[in-house]
Amino acid sequence: MIKLGDIFVAKLDDCQKYFQYVADDMTMLNSRVIRVFEEKYPLGSMPDLTEIAQGDIDFYAHTSVKLGIKLGLWDKIGNSPVFGEIDVIFRRSKDYTENNKVKISERWEVWRINEEFRYVGKLKGENRNAEIGLVEPPVGIIHRMKTGEYYGCYPGFE
């Protein structure tokens, strides 16, 4: 059973990173929201859960935590309180399609967890720091942990 505060380890090629399940977002298909921590640890290490949960945040994402476990991409290692406020802004482009031809979008919606989508057009101010809010497949989360980017073609902004 997965519950808020659960911490997971993902073994990457030459290190391991951790993430914590921190919220459910009804706005984006009632999906799980995770926060991935910046720190990279040596393979096989087991840092203190509280230390992990208080670490600097690399990114937030929506994903299927259970599917990642089934695929063997990460393992649950314990539970810790969710420290700090979860105040993340997500974004999605109204120009996004599977074979995206739009390189720079000026048709953005933003939202916070469990709040309604808000159309803003061009991204300005704090919205420029918004995370891509699509529900990412677990392999996409691993890819971003490794490279800092998601797979695929998603519009950028100016």
# chains A, B, ... in the order shown; residues from 1 in each chain; ligands from 1
>>> residues_around(residues="Asp48 (chain A)", least_positions_apart="2", cutoff="12 Å", atoms="only C-alpha atoms", output="PDB file with N, CA and C atoms, in the first residue's frame")
ATOM      1  N   ILE A   7       8.726   7.214   0.745  1.00  0.00           N
ATOM      2  CA  ILE A   7       9.965   7.565   0.047  1.00  0.00           C
ATOM      3  C   ILE A   7      10.413   6.364  -0.777  1.00  0.00           C
ATOM      4  N   TYR A  18      16.381   9.732  -4.737  1.00  0.00           N
ATOM      5  CA  TYR A  18      15.181   9.461  -3.965  1.00  0.00           C
ATOM      6  C   TYR A  18      14.073  10.432  -4.325  1.00  0.00           C
ATOM      7  N   TYR A  41      23.231   9.812  -4.480  1.00  0.00           N
ATOM      8  CA  TYR A  41      23.920   9.004  -3.476  1.00  0.00           C
ATOM      9  C   TYR A  41      24.601   7.825  -4.159  1.00  0.00           C
ATOM     10  N   SER A  45      23.800   2.839  -0.920  1.00  0.00           N
ATOM     11  CA  SER A  45      23.799   3.598   0.336  1.00  0.00           C
ATOM     12  C   SER A  45      22.380   3.700   0.874  1.00  0.00           C
ATOM     13  N   MET A  46      22.246   3.958   2.175  1.00  0.00           N
ATOM     14  CA  MET A  46      20.933   4.093   2.790  1.00  0.00           C
ATOM     15  C   MET A  46      20.955   5.264   3.758  1.00  0.00           C
ATOM     16  N   THR A  50      14.709  10.998   7.173  1.00  0.00           N
ATOM     17  CA  THR A  50      14.443  12.406   7.480  1.00  0.00           C
ATOM     18  C   THR A  50      15.404  13.306   6.722  1.00  0.00           C
ATOM     19  N   GLU A  51      16.659  12.884   6.623  1.00  0.00           N
ATOM     20  CA  GLU A  51      17.656  13.644   5.851  1.00  0.00           C
ATOM     21  C   GLU A  51      17.234  13.734   4.387  1.00  0.00           C
ATOM     22  N   ILE A  52      16.777  12.622   3.837  1.00  0.00           N
ATOM     23  CA  ILE A  52      16.320  12.611   2.447  1.00  0.00           C
ATOM     24  C   ILE A  52      15.154  13.582   2.280  1.00  0.00           C
ATOM     25  N   ALA A  53      14.139  13.451   3.142  1.00  0.00           N
ATOM     26  CA  ALA A  53      12.894  14.220   3.015  1.00  0.00           C
ATOM     27  C   ALA A  53      13.093  15.720   3.227  1.00  0.00           C
ATOM     28  N   GLN A  54      14.200  16.107   3.835  1.00  0.00           N
ATOM     29  CA  GLN A  54      14.484  17.525   4.048  1.00  0.00           C
ATOM     30  C   GLN A  54      15.496  18.055   3.035  1.00  0.00           C
ATOM     31  N   GLY A  55      15.829  17.226   2.056  1.00  0.00           N
ATOM     32  CA  GLY A  55      16.823  17.616   1.056  1.00  0.00           C
ATOM     33  C   GLY A  55      16.287  18.632   0.063  1.00  0.00           C
ATOM     34  N   ILE A  77      11.135   2.562   0.286  1.00  0.00           N
ATOM     35  CA  ILE A  77      12.084   2.269   1.360  1.00  0.00           C
ATOM     36  C   ILE A  77      11.589   2.710   2.732  1.00  0.00           C
ATOM     37  N   GLY A  78      10.505   3.466   2.789  1.00  0.00           N
ATOM     38  CA  GLY A  78       9.994   3.901   4.079  1.00  0.00           C
ATOM     39  C   GLY A  78       9.073   5.092   3.940  1.00  0.00           C
ATOM     40  N   ASN A  79       8.811   5.731   5.083  1.00  0.00           N
ATOM     41  CA  ASN A  79       7.899   6.866   5.123  1.00  0.00           C
ATOM     42  C   ASN A  79       8.481   7.925   6.041  1.00  0.00           C
ATOM     43  N   SER A  80       8.249   9.167   5.682  1.00  0.00           N
ATOM     44  CA  SER A  80       8.715  10.304   6.475  1.00  0.00           C
ATOM     45  C   SER A  80       7.677  11.407   6.370  1.00  0.00           C
TER      46      SER A  80
END
>>> closest_atom_pairs(of="region 52-74 of chain A", to="region 107-123 of chain A", cutoff="12 Å", atoms="only C-alpha atoms", output="JSON lines")
{"residue": "A:Tyr60", "atom": "CA", "partner": "A:Ile113", "partner_atom": "CA", "distance": 11.0}
{"residue": "A:Ala61", "atom": "CA", "partner": "A:Ile113", "partner_atom": "CA", "distance": 11.0}
{"residue": "A:His62", "atom": "CA", "partner": "A:Ile113", "partner_atom": "CA", "distance": 10.3}
>>> write_last_selection(atoms="all heavy atoms", output="PDB file, in the first residue's frame")
ATOM      1  N   TYR A  60       9.242  18.523  -9.231  1.00  0.00           N
ATOM      2  CA  TYR A  60       7.961  17.890  -8.904  1.00  0.00           C
ATOM      3  C   TYR A  60       7.405  17.295 -10.189  1.00  0.00           C
ATOM      4  O   TYR A  60       7.644  17.821 -11.275  1.00  0.00           O
ATOM      5  CB  TYR A  60       6.957  18.920  -8.386  1.00  0.00           C
ATOM      6  CG  TYR A  60       7.215  19.408  -6.986  1.00  0.00           C
ATOM      7  CD1 TYR A  60       8.044  20.497  -6.759  1.00  0.00           C
ATOM      8  CD2 TYR A  60       6.615  18.792  -5.897  1.00  0.00           C
ATOM      9  CE1 TYR A  60       8.275  20.968  -5.475  1.00  0.00           C
ATOM     10  CE2 TYR A  60       6.829  19.258  -4.605  1.00  0.00           C
ATOM     11  CZ  TYR A  60       7.661  20.344  -4.403  1.00  0.00           C
ATOM     12  OH  TYR A  60       7.872  20.802  -3.128  1.00  0.00           O
ATOM     13  N   ALA A  61       6.618  16.223 -10.055  1.00  0.00           N
ATOM     14  CA  ALA A  61       6.025  15.597 -11.233  1.00  0.00           C
ATOM     15  C   ALA A  61       4.781  14.802 -10.850  1.00  0.00           C
ATOM     16  O   ALA A  61       4.619  14.407  -9.692  1.00  0.00           O
ATOM     17  CB  ALA A  61       7.036  14.669 -11.904  1.00  0.00           C
ATOM     18  N   HIS A  62       3.924  14.561 -11.837  1.00  0.00           N
ATOM     19  CA  HIS A  62       2.798  13.643 -11.719  1.00  0.00           C
ATOM     20  C   HIS A  62       3.248  12.324 -12.352  1.00  0.00           C
ATOM     21  O   HIS A  62       3.809  12.333 -13.451  1.00  0.00           O
ATOM     22  CB  HIS A  62       1.589  14.147 -12.501  1.00  0.00           C
ATOM     23  CG  HIS A  62       1.031  15.443 -12.029  1.00  0.00           C
ATOM     24  ND1 HIS A  62       1.501  16.666 -12.456  1.00  0.00           N
ATOM     25  CD2 HIS A  62       0.031  15.715 -11.170  1.00  0.00           C
ATOM     26  CE1 HIS A  62       0.799  17.637 -11.882  1.00  0.00           C
ATOM     27  NE2 HIS A  62      -0.097  17.089 -11.103  1.00  0.00           N
TER      28      HIS A  62
END
>>> residues_around(residues="Ser31 (chain A)", least_positions_apart="3", cutoff="8 Å", atoms="only C-alpha atoms", output="short mmCIF file (atom, residue, chain, number, x, y, z; two decimals) with N, CA, C and O atoms, in the first residue's frame")
data_model
loop_
_atom_site.label_atom_id
_atom_site.label_comp_id
_atom_site.auth_asym_id
_atom_site.auth_seq_id
_atom_site.Cartn_x
_atom_site.Cartn_y
_atom_site.Cartn_z
N ASP A 24 -1.97 14.13 -3.95
CA ASP A 24 -2.80 13.67 -5.06
C ASP A 24 -3.38 14.92 -5.70
O ASP A 24 -3.88 15.80 -4.99
N ASP A 25 -3.32 15.00 -7.01
CA ASP A 25 -3.80 16.19 -7.71
C ASP A 25 -5.06 15.86 -8.50
O ASP A 25 -5.00 15.28 -9.59
N MET A 26 -6.22 16.23 -7.95
CA MET A 26 -7.49 15.99 -8.62
C MET A 26 -7.55 16.75 -9.95
O MET A 26 -8.24 16.33 -10.87
N MET A 28 -5.24 17.10 -12.18
CA MET A 28 -4.58 16.34 -13.24
C MET A 28 -4.85 14.85 -13.05
O MET A 28 -4.00 14.10 -12.57
N HIS A 62 3.92 14.56 -11.84
CA HIS A 62 2.80 13.64 -11.72
C HIS A 62 3.25 12.32 -12.35
O HIS A 62 3.81 12.33 -13.45
N THR A 63 2.96 11.21 -11.69
CA THR A 63 3.32 9.91 -12.25
C THR A 63 2.53 8.80 -11.57
O THR A 63 1.86 9.03 -10.57
N SER A 64 2.66 7.60 -12.10
CA SER A 64 2.08 6.41 -11.47
C SER A 64 3.17 5.74 -10.64
O SER A 64 4.05 5.06 -11.19
N VAL A 135 0.97 13.90 -16.80
CA VAL A 135 1.26 12.68 -16.03
C VAL A 135 2.34 11.93 -16.81
O VAL A 135 2.09 11.42 -17.89
#
>>> select_by_dssp(residues="chain A", states="strand (DSSP E)", output="ChimeraX atom specification")
/A:6-11,16-25,31-37,57-63,75-79,89-93,108-112,118-121,131-132,135-136
>>> residues_around(residues="Gly156 (chain A)", least_positions_apart="6", cutoff="12 Å", atoms="only C-alpha atoms", output="list in words")
Arg91, Arg92, Ser93, Lys94, Asp95, Tyr96, Asn100, Lys101, Val102, Lys103, Ile104, Ser105, Glu106, Arg107, Trp108, Lys122, Leu123, Arg128, Asn129, Ala130, Glu131 and Ile132 of chain A
>>> residues_around(residues="Gly68 (chain A)", least_positions_apart="5", cutoff="7 Å", atoms="only C-alpha atoms", output="MDAnalysis selection string")
chainID A and resid 73:74 138
>>> atom_distance(atom1="CA of Ala23 (chain A)", atom2="CA of Lys66 (chain A)")
14.4 Å
>>> atom_distance(atom1="CA of Thr147 (chain A)", atom2="CA of Leu4 (chain A)")
26.6 Å
>>> atom_distance(atom1="CA of Ile142 (chain A)", atom2="CA of Leu29 (chain A)")
21.0 Å
>>> select_by_dssp(residues="chain A", states="alpha helix (DSSP H)", output="list in words")
Leu49, Thr50, Glu51, Ile52, Ala53, Val65, Lys66, Leu67, Gly68, Ile69, Lys70, Pro138, Val139, Gly140, Ile141, Ile142, His143, Arg144, Met145, Lys146 and Thr147 of chain A
